[in-house]
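So this block is coords-v8.txt, compact mmCIF, C-alpha atoms:
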# COMPACT_ATOMS: atom_id res chain seq x y z
CA MET A 1 4.34 90.36 18.97
CA ASN A 2 3.87 89.29 15.35
CA THR A 3 7.49 88.18 15.20
CA TYR A 4 7.05 86.07 18.32
CA LEU A 5 3.93 84.42 16.94
CA ASN A 6 5.62 83.64 13.64
CA ASN A 7 8.59 82.03 15.42
CA LEU A 8 6.22 80.03 17.58
CA LYS A 9 4.40 78.69 14.49
CA LYS A 10 7.69 77.67 12.84
CA TYR A 11 8.81 75.89 16.00
CA SER A 12 5.49 74.06 16.23
CA LYS A 13 5.77 72.85 12.62
CA VAL A 14 9.32 71.58 13.17
CA HIS A 15 8.28 69.86 16.38
CA ILE A 16 5.29 68.26 14.70
CA ASN A 17 7.46 67.05 11.79
CA LYS A 18 9.91 65.50 14.23
CA GLN A 19 7.06 63.51 15.84
CA LYS A 20 5.87 62.21 12.48
CA GLY A 21 5.70 58.34 12.26
CA MET A 22 6.24 55.86 9.41
CA THR A 23 4.05 56.05 6.36
CA LEU A 24 2.04 53.03 5.20
CA VAL A 25 4.40 52.51 2.26
CA GLU A 26 7.46 52.50 4.54
CA LEU A 27 5.76 50.00 6.87
CA ILE A 28 4.91 47.66 3.96
CA VAL A 29 8.51 47.83 2.67
CA VAL A 30 9.93 47.01 6.10
CA LEU A 31 7.53 44.11 6.60
CA SER A 32 8.28 42.77 3.11
CA ILE A 33 12.03 42.79 3.80
CA PHE A 34 11.48 41.08 7.15
CA MET A 35 9.33 38.36 5.59
CA LEU A 36 11.85 37.79 2.79
CA VAL A 37 14.77 37.42 5.19
CA SER A 38 12.74 35.14 7.48
CA GLY A 39 11.69 32.97 4.54
CA LEU A 40 15.25 32.57 3.32
CA THR A 41 16.42 31.68 6.81
CA ILE A 42 13.73 29.04 7.28
CA PHE A 43 14.41 27.56 3.82
CA ASP A 44 18.14 27.39 4.39
CA TYR A 45 17.63 25.74 7.77
CA GLY A 46 15.38 23.09 6.21
CA GLN A 47 17.97 22.44 3.51
CA PHE A 48 20.69 22.25 6.15
CA ARG A 49 18.71 19.73 8.23
CA SER A 50 18.09 17.55 5.18
CA ASN A 51 21.78 17.59 4.24
CA VAL A 52 22.83 16.71 7.78
CA SER A 53 20.23 13.94 7.96
CA LEU A 54 21.44 12.40 4.70
CA GLN A 55 25.08 12.60 5.78
CA ASN A 56 24.25 10.99 9.13
CA LEU A 57 22.55 8.05 7.42
CA ALA A 58 25.50 7.62 5.05
CA ASP A 59 27.84 7.58 8.06
CA ASP A 60 25.61 5.09 9.90
CA ILE A 61 25.61 2.72 6.92
CA ALA A 62 29.39 2.96 6.52
CA LEU A 63 29.91 2.31 10.25
CA SER A 64 27.47 -0.62 10.16
CA ILE A 65 29.40 -2.20 7.28
CA ARG A 66 32.63 -1.73 9.24
CA ARG A 67 30.95 -3.17 12.33
CA THR A 68 29.99 -6.28 10.33
CA GLN A 69 33.55 -6.61 9.07
CA ASN A 70 34.87 -6.35 12.64
CA TYR A 71 32.50 -9.12 13.75
CA ALA A 72 34.00 -11.43 11.12
CA ILE A 73 37.62 -10.85 12.10
CA SER A 74 37.08 -10.63 15.87
CA ALA A 75 36.24 -13.24 18.47
CA LYS A 76 32.46 -12.94 18.16
CA SER A 77 30.85 -16.38 18.00
CA THR A 78 27.49 -17.62 16.74
CA PHE A 79 25.84 -20.39 18.77
CA GLY A 80 29.30 -21.22 20.15
CA SER A 81 30.90 -21.46 16.72
CA PHE A 82 33.57 -19.15 15.29
CA SER A 83 33.53 -20.48 11.73
CA GLU A 84 30.63 -18.51 10.25
CA GLY A 85 30.88 -15.26 8.40
CA TYR A 86 28.97 -12.06 9.09
CA GLY A 87 27.03 -9.99 6.60
CA ILE A 88 24.88 -6.93 6.05
CA HIS A 89 21.73 -6.87 3.90
CA PHE A 90 20.27 -3.87 2.00
CA SER A 91 17.03 -3.92 0.02
CA THR A 92 15.09 -1.52 -2.22
CA ALA A 93 11.84 -3.46 -1.76
CA PRO A 94 9.06 -1.90 0.35
CA SER A 95 8.85 -3.12 3.91
CA ASN A 96 6.87 -6.35 4.36
CA PRO A 97 4.61 -6.02 7.44
CA SER A 98 4.70 -9.78 7.97
CA SER A 99 8.51 -9.85 8.01
CA VAL A 100 10.09 -6.69 9.33
CA ARG A 101 13.42 -8.51 9.46
CA ALA A 102 13.48 -8.79 5.66
CA GLY A 103 15.00 -5.34 5.18
CA SER A 104 13.45 -2.51 3.18
CA GLN A 105 14.01 1.02 1.94
CA LYS A 106 13.76 2.11 5.59
CA SER A 107 15.83 -0.62 7.26
CA PHE A 108 18.86 -2.85 6.82
CA VAL A 109 20.04 -5.96 8.63
CA ILE A 110 23.27 -7.27 10.12
CA PHE A 111 23.29 -11.09 10.12
CA ASN A 112 25.47 -14.13 10.73
CA ASN A 113 26.03 -16.44 7.77
CA SER A 114 25.28 -19.61 9.76
CA VAL A 115 23.48 -21.33 6.87
CA ALA A 116 25.34 -22.29 3.69
CA GLY A 117 24.97 -19.83 0.83
CA PRO A 118 25.78 -16.19 0.19
CA PHE A 119 22.34 -14.89 1.14
CA TYR A 120 20.56 -13.63 4.22
CA GLU A 121 18.25 -16.32 5.62
CA HIS A 122 15.46 -15.34 8.01
CA ASN A 123 12.07 -16.44 9.20
CA PRO A 124 9.07 -14.08 9.06
CA SER A 125 8.80 -12.03 12.21
CA THR A 126 6.86 -8.97 13.32
CA THR A 127 9.64 -7.79 15.61
CA THR A 128 13.01 -6.19 14.94
CA ASP A 129 14.43 -7.71 18.12
CA CYS A 130 16.97 -10.31 17.01
CA SER A 131 18.31 -11.04 20.51
CA ILE A 132 16.31 -14.29 20.60
CA PRO A 133 16.63 -16.07 17.22
CA ASN A 134 13.35 -17.10 15.61
CA ASN A 135 13.29 -20.90 15.12
CA GLY A 136 16.97 -21.44 15.80
CA THR A 137 19.88 -21.10 13.40
CA ALA A 138 17.65 -20.79 10.32
CA ASP A 139 17.16 -17.16 11.34
CA GLN A 140 20.45 -15.32 10.80
CA CYS A 141 19.27 -11.92 12.02
CA ILE A 142 21.55 -10.14 14.51
CA ASP A 143 20.34 -6.55 14.36
CA VAL A 144 17.75 -4.60 12.35
CA LEU A 145 18.67 -0.94 11.91
CA THR A 146 15.77 1.34 10.99
CA VAL A 147 15.84 4.72 9.25
CA SER A 148 13.68 7.22 11.15
CA SER A 149 14.47 10.31 9.05
CA ASP A 150 13.08 11.44 5.67
CA ASP A 151 15.85 9.46 3.95
CA TYR A 152 15.54 6.01 2.39
CA ILE A 153 17.55 3.40 0.46
CA SER A 154 16.70 4.23 -3.16
CA ARG A 155 19.05 1.97 -5.17
CA VAL A 156 21.57 -0.86 -4.85
CA SER A 157 24.02 -1.43 -7.66
CA SER A 158 27.50 -2.48 -8.70
CA SER A 159 30.01 -1.11 -11.18
CA ASN A 160 29.69 -4.38 -13.14
CA GLY A 161 26.24 -3.25 -14.36
CA ALA A 162 23.83 -4.84 -11.85
CA SER A 163 21.40 -2.21 -10.59
CA TYR A 164 18.04 -2.25 -8.76
CA PRO A 165 15.42 -0.95 -9.27
CA ASN A 166 16.15 -1.87 -12.90
CA ALA A 167 14.63 -0.72 -16.20
CA ASN A 168 11.54 -2.84 -15.48
CA ASN A 169 11.18 -1.22 -12.05
CA GLU A 170 12.04 -4.53 -10.36
CA ASP A 171 13.50 -4.25 -6.88
CA GLY A 172 16.56 -6.05 -5.61
CA PHE A 173 18.90 -6.45 -2.69
CA VAL A 174 22.59 -6.72 -1.95
CA THR A 175 24.33 -8.88 0.64
CA ILE A 176 27.88 -8.16 1.77
CA ILE A 177 29.51 -10.99 3.73
CA PHE A 178 32.89 -11.13 5.46
CA TYR A 179 34.61 -14.41 6.34
CA ARG A 180 37.48 -15.03 8.71
CA PRO A 181 40.35 -14.36 8.68
CA ASN A 182 40.56 -11.71 5.92
CA HIS A 183 38.98 -8.28 5.42
CA ASP A 184 37.67 -8.97 1.91
CA ALA A 185 33.98 -8.52 1.13
CA ASN A 186 31.92 -11.15 -0.70
CA ILE A 187 29.26 -9.18 -2.57
CA CYS A 188 26.06 -10.43 -4.22
CA ILE A 189 23.49 -8.29 -6.06
CA VAL A 190 20.16 -10.10 -6.35
CA ASN A 191 16.95 -9.59 -8.34
CA ALA A 192 14.13 -9.78 -5.78
CA ILE A 193 11.65 -11.08 -8.40
CA ASP A 194 13.34 -14.23 -9.68
CA LEU A 195 16.27 -14.32 -7.22
CA THR A 196 18.86 -14.35 -10.01
CA SER A 197 22.11 -13.14 -8.55
CA THR A 198 25.39 -11.57 -9.57
CA CYS A 199 27.93 -12.68 -6.98
CA ASN A 200 31.64 -11.98 -6.73
CA SER A 201 30.85 -8.37 -7.65
CA PRO A 202 33.84 -5.99 -7.49
CA ASP A 203 31.83 -3.61 -5.34
CA ALA A 204 28.40 -2.63 -4.04
CA ILE A 205 26.94 0.87 -4.15
CA ILE A 206 24.17 1.79 -1.71
CA GLU A 207 22.37 4.95 -2.83
CA ILE A 208 20.28 6.89 -0.32
CA THR A 209 17.88 9.74 -1.07
CA ASN A 210 16.19 12.46 0.97
CA ARG A 211 12.46 12.59 0.20
CA ARG A 212 12.25 16.33 0.86
CA THR A 213 15.12 17.62 -1.26
CA LEU A 214 15.75 14.55 -3.48
CA ALA A 215 19.45 14.94 -2.68
CA THR A 216 21.42 11.68 -2.85
CA LYS A 217 24.57 10.12 -1.44
CA LYS A 218 26.33 6.89 -2.39
CA ILE A 219 28.16 4.51 -0.07
CA LYS A 220 30.55 2.25 -1.96
CA ILE A 221 32.12 -0.89 -0.53
CA THR A 222 34.72 -2.67 -2.64
CA SER A 223 35.60 -6.36 -2.58
CA VAL A 224 38.80 -5.53 -0.68
CA GLY A 225 36.80 -3.92 2.13
CA GLN A 226 37.32 -0.25 1.29
CA ILE A 227 34.37 2.06 2.11
CA THR A 228 33.81 5.49 0.56
CA ILE A 229 30.98 8.04 0.70
CA LYS A 230 30.21 10.38 -2.20
Once you've parsed the file, please lay out its structure as structure tokens.
Amino acid sequence: MNTYLNNLKKYSKVHINKQKGMTLVELIVVLSIFMLVSGLTIFDYGQFRSNVSLQNLADDIALSIRRTQNYAISAKSTFGSFSEGYGIHFSTAPSNPSSVRAGSQKSFVIFNNSVAGPFYEHNPSTTTDCSIPNNGTADQCIDVLTVSSDDYISRVSSSNGASYPNANNEDGFVTIIFYRPNHDANICIVNAIDLTSTCNSPDAIIEITNRRTLATKKIKITSVGQITIK
């Protein structure tokens, strides 16, 4: 009888041990690992989204420049005329609420060069819709493209030394115009304060930045019409 009771006690202890759950320390370790892995996953996804967003904007800018170039060498007319050039306008200046067609860090403009001069001419307007010109040919706006992501146009520059914002934190803008019948780009970098310009630049560099990660990309257009993204 004693032997039976002893065996029964041993079996009960083994059975009880097998039913034993996790200790508090084990639970904390498991939860800590889970939280660490989840945090890394969320962080990497945010980084991935920012990188994709920045690349998409760079691609959109490059395609918009190419679209402008195609307008100039194709059969697209302006007010029935085929003699004008077509351009694209980038600015580092903050958006002007009274003239959303002016271009800003969050928008850029495709325009027709229907008025003499290498610059983008426009009349103040509160709308981005360029389908109906504002006050006739004085308004060259064709399309305003807005940036809806966390990215923005942070700098415009050229390899010849012109760069905005400059050392005095003055903003500037760049216009790239194509004229029939060639593919060459006519590039002007302009100081937005006194409107001094550096035209016939060998290239223009549009730098974009993601506000979240501060990552940057550069879109370079050369005077011969070549476009690269770095």
Practice prompt. Choose the residue, out of A:Ala204, A:Val144, A:Ala102, A:Ala93, that has the smallest atom-to-atom separation from Pro165 of chain A; count all atoms listed in the file.
Written response: A:Ala93
Where does segment 178-230 of chain A meet segment 83-92 of chain A within 8 Å, residue by residue, with the nearest atom pair and distance in Å to one decimal for each, counting only C-alpha atoms, listed by chain and rising number, as a Markdown table?
| residue | atom | partner | partner_atom | distance |
| --- | --- | --- | --- | --- |
| A:Phe178 | CA | A:Tyr86 | CA | 5.4 |
| A:Tyr179 | CA | A:Gly85 | CA | 4.3 |
| A:Arg180 | CA | A:Gly85 | CA | 6.6 |
| A:Ile206 | CA | A:Phe90 | CA | 7.8 |
Practice prompt. Pull the neighbourhood of (37.1, -5.3, -8.7) for me: all residues within 7 Å in file coordinates, counting only C-alpha atoms, as a PyMOL selection string.
Written response: chain A and resi 202-203+223
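With all atoms listed in the file as the atoms that count, the residue of A:Cys199, A:Cys130, A:Ile208, A:Ile177 with the shortest distance to Arg66 of chain A is A:Ile177.
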Residue neighbourhood Tyr164 of chain A, 8 Å, all atoms listed in the file, exclusion window fewer than 2 positions, as a PDB file with C-alpha atoms, keeping the file's coordinate frame:
ATOM      1  CA  THR A  92      15.090  -1.520  -2.220  1.00  0.00           C
ATOM      2  CA  ARG A 155      19.050   1.970  -5.170  1.00  0.00           C
ATOM      3  CA  VAL A 156      21.570  -0.860  -4.850  1.00  0.00           C
ATOM      4  CA  SER A 157      24.020  -1.430  -7.660  1.00  0.00           C
ATOM      5  CA  ALA A 162      23.830  -4.840 -11.850  1.00  0.00           C
ATOM      6  CA  ASN A 166      16.150  -1.870 -12.900  1.00  0.00           C
ATOM      7  CA  ASN A 169      11.180  -1.220 -12.050  1.00  0.00           C
ATOM      8  CA  GLU A 170      12.040  -4.530 -10.360  1.00  0.00           C
ATOM      9  CA  ASP A 171      13.500  -4.250  -6.880  1.00  0.00           C
ATOM     10  CA  GLY A 172      16.560  -6.050  -5.610  1.00  0.00           C
ATOM     11  CA  PHE A 173      18.900  -6.450  -2.690  1.00  0.00           C
ATOM     12  CA  ASN A 191      16.950  -9.590  -8.340  1.00  0.00           C
TER      13      ASN A 191
END
Worksheet item: How many Å separate atom CA of Ser158 of chain A from atom CA of Ile73 of chain A?
Response: 24.6 Å
For segment 193-206 of chain A, what centre and edge lengths in Å (one decimal) does the axis-aligned box get once 5 Å is added on each side of all its listed atoms, as JSON?
{"center_x": 22.7, "center_y": -6.3, "center_z": -5.9, "size_x": 32.2, "size_y": 26.1, "size_z": 18.3}
Worksheet item: Can you tell me how far atom CA of Val109 of chain A sits from atom CA of Ile61 of chain A, in Å to one decimal?
Response: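 Atom-to-atom, atom CA of Val109 of chain A and atom CA of Ile61 of chain A are spaced 10.5 Å apart.
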Worksheet entry | Coordinates-based distance that separates atom CA of Ile142 of chain A from atom CA of Gln69 of chain A (Å, one decimal) |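 Spanning atom CA of Gln69 of chain A to atom CA of Ile142 of chain A is a straight-line distance of 13.6 Å.
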